[in-house]
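Visitor: Pasting a structure here, questions to come.
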Amino acid sequence: MHVIATAGHVDHGKSTLIRALTGMEPDRWAEERRRGLTIDLGFAWTRLADGCTAAFVDVPGHERFVPNMLAGVGPVPAVLFVVAADEGWMPQSGEHLDALAALGVRHGLLAVTRCDLADPGPATEQARERLRGTSLAGIPAVHVSGRTGAGLDELRQRLDQLIHRLPPPDRAADVRLWVDRAFTIRGAGTVVTGTLASGSLRRGARLLLHPAGVEASIRGLQALGTPEPQVDAVARVAVNLRGVELDQVRRGDALLAPDRWLTTDVLDVRIDPAASAGTARELVLHIGAAAVGARVRPLGRDTARLTLRAPLPLRIGDRALLRDPGSRSICGGVVVLDVRPPRLTRRGAASERADELAAMDGQPDGAAELRRRRLVRADDLRAMGATPPGPGPWLLDEKHGDVLASRLDDLLARHHERHPLDDGMPAEAARRALDLPDPDLLPPIARAAGITLREGRLHKGRSRLPEHVQRAVETIRRTLVDHPFQAPTAGELAELGLGEKELAAAAHAGALLRLAPGLVLLPGADEAAVPRLARLPEPFTLSQARQALDTSRRVAVPLLELLARRGRTQRLADGTHRVVSPPRAPGNTGGNPTPRR
């Protein structure tokens with residue numbers, strides 16, 4: 001299926017032409033048929049000679065119904081532009097052309113109607129002149145009469161050719177279906193219709209209704225009145241929704257692939273220069289079937305920031321148009337450049353942002369977005385329409401990573417200067433200081449800076465002890481050389497100026513072995529104790545161990561507990577101990593360490 005919208009001045013025969021082509025009545029409302037005036041969107045379709053189906057969105061031509069017209073042409077890739085031979089180009093013809101040009105519609109046909117009433121030549125040349133220089137310049141022209149049927153065969157042939165010129169849709173794209181109609185069917189519930197411009201819909205799939213935030217499933221699916229298990233773009237679809245009440249949905253809402261879209265009420269755009277210079281600040285942004293109030297803040301020659309009255313699901317590269325509701329005129333088209341722009345709070349920020357926007361082309365570029373944002377979630381890049389340039393949930397720009405590694409190195413150095421006895425810097429404090437949104441980002445930055453992360457703390461190299469602590473440790477070392485298990489008393493440690501923080505710092509630096517609070521020996525004392533204990537008859541008692549080590553119960557108890565935890569000794573059920581044989585040398589049959597016999 002291929003979808004084509006009509007365009008043109010009121011009473012130029014758009015609906016009549018669609019009736020003649022399709023045999024269907026596009027005007028849905030009794031008032032439209034009574035007045036002979038299209039007020040709202042109409043829909044009809046026909047099968048062409050080669051089997052292709054052309055579906056038409058018939059739009060109103062009267063200036064009072066331009067918002068309805070825009071809701072119809074917004075998601076459609078091609079247009080059937082209608083000009084009457086007996087009237088030629090008219091004001092609404094120009095407004096519709098402005099809208100199509102603003103939306104970037106490039107494919108279409110010019111149908112010069114009512115050829116039974118006047119020579120179509122002058123109207124054709126006039127229309128071609130008006131189209132010159134626009135996105136629709138050079139489209140083929142067909143002379144036709146909806147009343148007599150003259151030219152309909154050629155029009156069908158031209159439509160077939162047009163359809164085969166259209167670019168193929170991206171059927172793997174994330175669904176965003178703009179709702180242009182919502183109603184209920186007894187026994188079925190809420191039904192919405194729209195033009196599926198890309199992606200695929202299937203029965204049973206789950207979608208998110210924006211802006212209601214309601215998750216719904218597809219209960220039923222139709223294309224051109226026929227039930228289908230799946231419909232691929234481009235297509236006119238009717239979607240029967242489960243989980244949505246009629247009062248929750250209206251024209252301009254969108255059905256979205258869940259977790260694949262960002263909604264935004266602030267965006268930066270490239271805008272037609274004529275629209276940005278001296279334009280009204282309060283306009284209406286039209287995209288798809290949506291129309292939302294927008295405050296326009298010009299930033300550069302052709303760029304601006306839009307602040308929307310309601311958020312919309314948008315992506316980089318989306319095309320939309322701005323309209324002045326007061327004068328009912330089309331101000332110009334916009335191309336979305338950024339859906340998550342930075343705040344402009346400091347002096348000169350707007351000018352800098354204008355320079356940055358000037359270099360953007362509206363094409364989603366994951367690598368460029370990462371350079372600009374420095375740190376971004378991969379899922380957010382996808383939701384902006386860009387492909388992440390690397391793996392992982394978070395992406396960090398390489399240059400920014402180097403800056404963060406340097407900052408982390410400075411943070412750790414300052415922390416050690418201010419807290420020399422601390423066992424490294426708390427990782428959470430470093431994460432907050434670097435303003436990292438996820439703790440998992442810290443380890444790679446630390447590695448880049450040569451910093452290790454152990455048990456939630458950051459370290460670099462061996463800890464350097466303050467000079468007075470180093471002197472006290474040397475004093476302890478001298479006293480323990482001859483009696484390695486006679487630990488200094490609490491009083492002796494106090495005289496040396498060693499409190500718990502100092503002892504912990506010395507233990508972390510490897511200068512002392514800390515058995516318990518206020519109890520230290522020299523490094524390696526635990527291993528030096530094992531040969532002495534091995535000479536005792538087994539099992540041995542605590543008293544025997546104390547005598548063999550020439551120490552007190554205060555030292556022997558925690559020392560044996562430490563050796564047991566490390567698998568060097570074993571405490572038996574009766575409270576005695578035995579030494580555990582060391583593991584066999586590599587190459588021998590393995591096994592767990594066993595008590596020495």
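Please note that chains go A, B, ... in the order of the structure tokens, that every chain numbers its residues from 1, and that ligands are numbered from 1 in the order shown.
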Assign secondary structure with DSSP using the backbone only, and return the residues of stretch 60-200 of chain A in strand (DSSP E or B) as a CSV table (one decimal) with N, CA and C atoms, in the first residue's frame.
Guide:
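Generated output (result34.csv):
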chain,number,residue,atom,x,y,z
A,78,ALA,N,3.7,11.6,-0.1
A,78,ALA,CA,3.4,12.1,-1.5
A,78,ALA,C,2.1,12.8,-1.5
A,79,VAL,N,1.9,13.7,-2.6
A,79,VAL,CA,0.8,14.5,-2.6
A,79,VAL,C,0.2,14.6,-4.0
A,80,LEU,N,-1.1,14.6,-4.1
A,80,LEU,CA,-1.9,14.9,-5.3
A,80,LEU,C,-2.4,16.3,-5.3
A,81,PHE,N,-1.6,17.2,-5.9
A,81,PHE,CA,-1.9,18.7,-5.8
A,81,PHE,C,-2.9,19.1,-6.9
A,82,VAL,N,-4.1,19.6,-6.5
A,82,VAL,CA,-5.2,19.8,-7.3
A,82,VAL,C,-5.4,21.3,-7.6
A,83,VAL,N,-5.4,21.7,-8.9
A,83,VAL,CA,-5.7,23.1,-9.3
A,83,VAL,C,-6.8,23.1,-10.3
A,84,ALA,N,-7.8,23.9,-10.2
A,84,ALA,CA,-9.0,23.9,-11.1
A,84,ALA,C,-8.6,24.7,-12.4
A,107,HIS,N,7.6,14.4,-3.5
A,107,HIS,CA,7.0,13.5,-4.5
A,107,HIS,C,5.5,13.9,-4.7
A,108,GLY,N,5.1,14.0,-5.9
A,108,GLY,CA,3.7,14.3,-6.1
A,108,GLY,C,3.3,14.4,-7.6
A,109,LEU,N,2.0,14.7,-7.8
A,109,LEU,CA,1.4,14.9,-9.1
A,109,LEU,C,0.6,16.2,-9.1
A,110,LEU,N,0.6,16.9,-10.2
A,110,LEU,CA,-0.2,18.1,-10.3
A,110,LEU,C,-1.4,17.7,-11.2
A,111,ALA,N,-2.6,17.7,-10.5
A,111,ALA,CA,-3.9,17.4,-11.3
A,111,ALA,C,-4.6,18.7,-11.5
A,112,VAL,N,-4.7,19.0,-12.8
A,112,VAL,CA,-5.5,20.2,-13.2
A,112,VAL,C,-6.9,19.7,-13.5
A,113,THR,N,-7.8,20.0,-12.7
A,113,THR,CA,-9.2,19.5,-12.7
A,113,THR,C,-10.2,20.4,-13.5
A,141,ALA,N,2.3,16.8,-14.6
A,141,ALA,CA,0.9,17.3,-14.6
A,141,ALA,C,0.0,16.5,-15.4
A,142,VAL,N,-1.3,16.4,-15.0
A,142,VAL,CA,-2.3,15.6,-15.6
A,142,VAL,C,-3.5,16.5,-15.7
A,143,HIS,N,-4.2,16.5,-16.9
A,143,HIS,CA,-5.4,17.2,-17.1
A,143,HIS,C,-6.6,16.2,-17.0
A,176,ARG,N,6.0,5.0,15.5
A,176,ARG,CA,5.4,6.3,16.0
A,176,ARG,C,4.2,6.5,15.1
A,177,LEU,N,3.0,6.2,15.5
A,177,LEU,CA,1.8,6.3,14.7
A,177,LEU,C,1.1,7.5,15.3
A,178,TRP,N,1.0,8.6,14.5
A,178,TRP,CA,0.3,9.8,14.9
A,178,TRP,C,-1.2,9.5,14.7
A,181,ARG,N,-7.6,10.1,14.1
A,181,ARG,CA,-9.0,9.9,14.3
A,181,ARG,C,-9.1,8.8,15.5
A,182,ALA,N,-10.1,9.0,16.4
A,182,ALA,CA,-10.3,8.1,17.4
A,182,ALA,C,-11.8,7.9,17.6
A,183,PHE,N,-12.3,6.7,17.8
A,183,PHE,CA,-13.7,6.4,18.0
A,183,PHE,C,-13.9,5.0,18.6
A,184,THR,N,-15.1,4.7,19.0
A,184,THR,CA,-15.3,3.4,19.6
A,184,THR,C,-16.3,2.5,18.7
A,185,ILE,N,-16.1,1.2,18.8
A,185,ILE,CA,-17.0,0.3,18.1
A,185,ILE,C,-17.5,-0.6,19.2
A,189,GLY,N,-14.4,-1.7,21.4
A,189,GLY,CA,-13.7,-0.7,22.2
A,189,GLY,C,-13.1,0.4,21.4
A,190,THR,N,-12.0,1.0,21.9
A,190,THR,CA,-11.4,2.1,21.3
A,190,THR,C,-10.6,1.8,20.0
A,191,VAL,N,-10.8,2.5,19.0
A,191,VAL,CA,-10.1,2.4,17.7
A,191,VAL,C,-9.5,3.7,17.3
A,192,VAL,N,-8.2,3.7,16.9
A,192,VAL,CA,-7.6,4.9,16.3
A,192,VAL,C,-7.1,4.6,14.9
A,193,THR,N,-7.0,5.6,14.1
A,193,THR,CA,-6.5,5.5,12.8
A,193,THR,C,-5.3,6.4,12.6
A,194,GLY,N,-4.5,6.1,11.6
A,194,GLY,CA,-3.4,7.0,11.3
A,194,GLY,C,-2.6,6.4,10.1
A,195,THR,N,-1.6,7.2,9.6
A,195,THR,CA,-0.8,6.8,8.5
A,195,THR,C,0.5,6.2,9.1
A,196,LEU,N,0.8,4.9,9.0
A,196,LEU,CA,2.0,4.3,9.4
A,196,LEU,C,3.1,4.6,8.4
A,200,SER,N,6.5,-1.4,11.7
A,200,SER,CA,5.5,-2.4,11.5
A,200,SER,C,4.6,-2.6,12.7
Visitor: Using DSSP assignments from the backbone, pull out every residue in stretch 362-571 of chain A that falls under alpha helix (DSSP H) and give it to me as a VMD selection string.
Guide: chain A and resid 366 to 373 378 to 384 398 to 418 427 to 434 442 to 448 467 to 480 490 to 495 500 to 508 525 to 534 542 to 549 553 to 565
Visitor: Under the rule that only C-alpha atoms are counted, which of A:Pro488, A:Pro439, A:Pro298, A:Gly243 is the nearest residue to A:Val214?
Guide: A:Gly243
Visitor: Can you measure atom CA of A:Asp119 to atom CA of A:Asp86 for me? One decimal in Å is fine.
Guide: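 For atom CA of A:Asp119 relative to atom CA of A:Asp86, the distance reads 7.5 Å.
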Visitor: Could you check which of A:Ala290, A:Ile139, A:Leu513, A:Val580 is closest to A:Pro558, using only C-alpha atoms?
Guide: A:Leu513
Visitor: Using only C-alpha atoms, what table do you get, as a Markdown table, when you list each residue of stretch 447-544 of chain A with an atom no more than 12 Å from stretch 390-412 of chain A, its nearest pair of atoms, and their distance in Å rounded to one decimal, rows by chain then rising number?
Guide:
| residue | atom | partner | partner_atom | distance |
| --- | --- | --- | --- | --- |
| A:Arg447 | CA | A:Ala405 | CA | 8.3 |
| A:Ala448 | CA | A:Ala405 | CA | 6.1 |
| A:Ala449 | CA | A:Ala405 | CA | 5.0 |
| A:Gly450 | CA | A:Asp409 | CA | 8.5 |
| A:Ile451 | CA | A:Asp409 | CA | 7.7 |
| A:Thr452 | CA | A:Leu412 | CA | 11.1 |
| A:Leu453 | CA | A:Leu412 | CA | 11.7 |
| A:Arg457 | CA | A:Leu412 | CA | 10.3 |
| A:Leu458 | CA | A:Leu412 | CA | 7.6 |
| A:His459 | CA | A:Leu412 | CA | 7.8 |
| A:Lys460 | CA | A:Leu412 | CA | 8.1 |
| A:Gly461 | CA | A:Leu412 | CA | 11.3 |
| A:Ser463 | CA | A:Leu412 | CA | 11.5 |
Visitor: Please provide as a compact mmCIF listing (two decimals) with N, CA, C and O atoms, in the first residue's frame all residues within 8 Å of A:Pro420, with the sequence filter that same-chain residues fewer than 2 positions apart are discarded (counting only C-alpha atoms).
Guide:
# COMPACT_ATOMS: atom_id res chain seq x y z
N HIS A 415 42.71 14.49 48.55
CA HIS A 415 42.12 13.75 49.67
C HIS A 415 43.22 13.21 50.58
O HIS A 415 43.08 13.25 51.82
N HIS A 416 44.31 12.71 49.99
CA HIS A 416 45.39 12.17 50.81
C HIS A 416 46.07 13.28 51.61
O HIS A 416 46.47 13.06 52.77
N GLU A 417 46.18 14.47 51.01
CA GLU A 417 46.78 15.59 51.75
C GLU A 417 45.93 15.99 52.94
O GLU A 417 46.44 16.28 54.02
N ARG A 418 44.60 15.99 52.75
CA ARG A 418 43.71 16.41 53.83
C ARG A 418 43.44 15.31 54.84
O ARG A 418 43.18 15.57 56.01
N ASP A 422 43.57 8.19 56.09
CA ASP A 422 42.45 7.43 55.51
C ASP A 422 42.95 6.29 54.64
O ASP A 422 43.99 6.40 53.98
N ARG A 464 51.55 6.58 51.62
CA ARG A 464 52.66 7.26 52.28
C ARG A 464 52.20 7.73 53.65
O ARG A 464 51.22 8.47 53.76
N LEU A 465 52.93 7.27 54.69
CA LEU A 465 52.54 7.62 56.06
C LEU A 465 53.06 9.00 56.42
O LEU A 465 54.15 9.40 55.97
N PRO A 466 52.29 9.73 57.23
CA PRO A 466 52.83 11.00 57.75
C PRO A 466 54.14 10.76 58.50
O PRO A 466 54.37 9.68 59.07
Visitor: Identify, on the basis of only C-alpha atoms, every residue whose closest approach to A:Leu283 does not exceed 9 Å; exclude the query and any residue fewer than 5 positions from it along the same chain; express the result as a list in words.
Guide: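 Using only C-alpha atoms, the neighbours found are Val292, Gly293, Ala294, Arg295, Val296, Leu322, Arg323, Asp324, Pro325, Gly326 and Cys331 of chain A.
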Visitor: Go ahead and write the selection's residues with C-alpha atoms as a CSV table (one decimal), in the first residue's frame.
Guide:
chain,number,residue,atom,x,y,z
A,292,VAL,CA,1.3,22.2,19.9
A,293,GLY,CA,1.9,25.8,21.0
A,294,ALA,CA,5.5,26.8,20.8
A,295,ARG,CA,7.5,29.8,22.0
A,296,VAL,CA,10.2,30.6,19.5
A,322,LEU,CA,5.4,26.6,12.3
A,323,ARG,CA,2.1,28.3,11.8
A,324,ASP,CA,0.8,31.7,13.1
A,325,PRO,CA,-2.7,31.0,14.5
A,326,GLY,CA,-3.5,34.7,14.4
A,331,CYS,CA,5.6,30.7,8.8
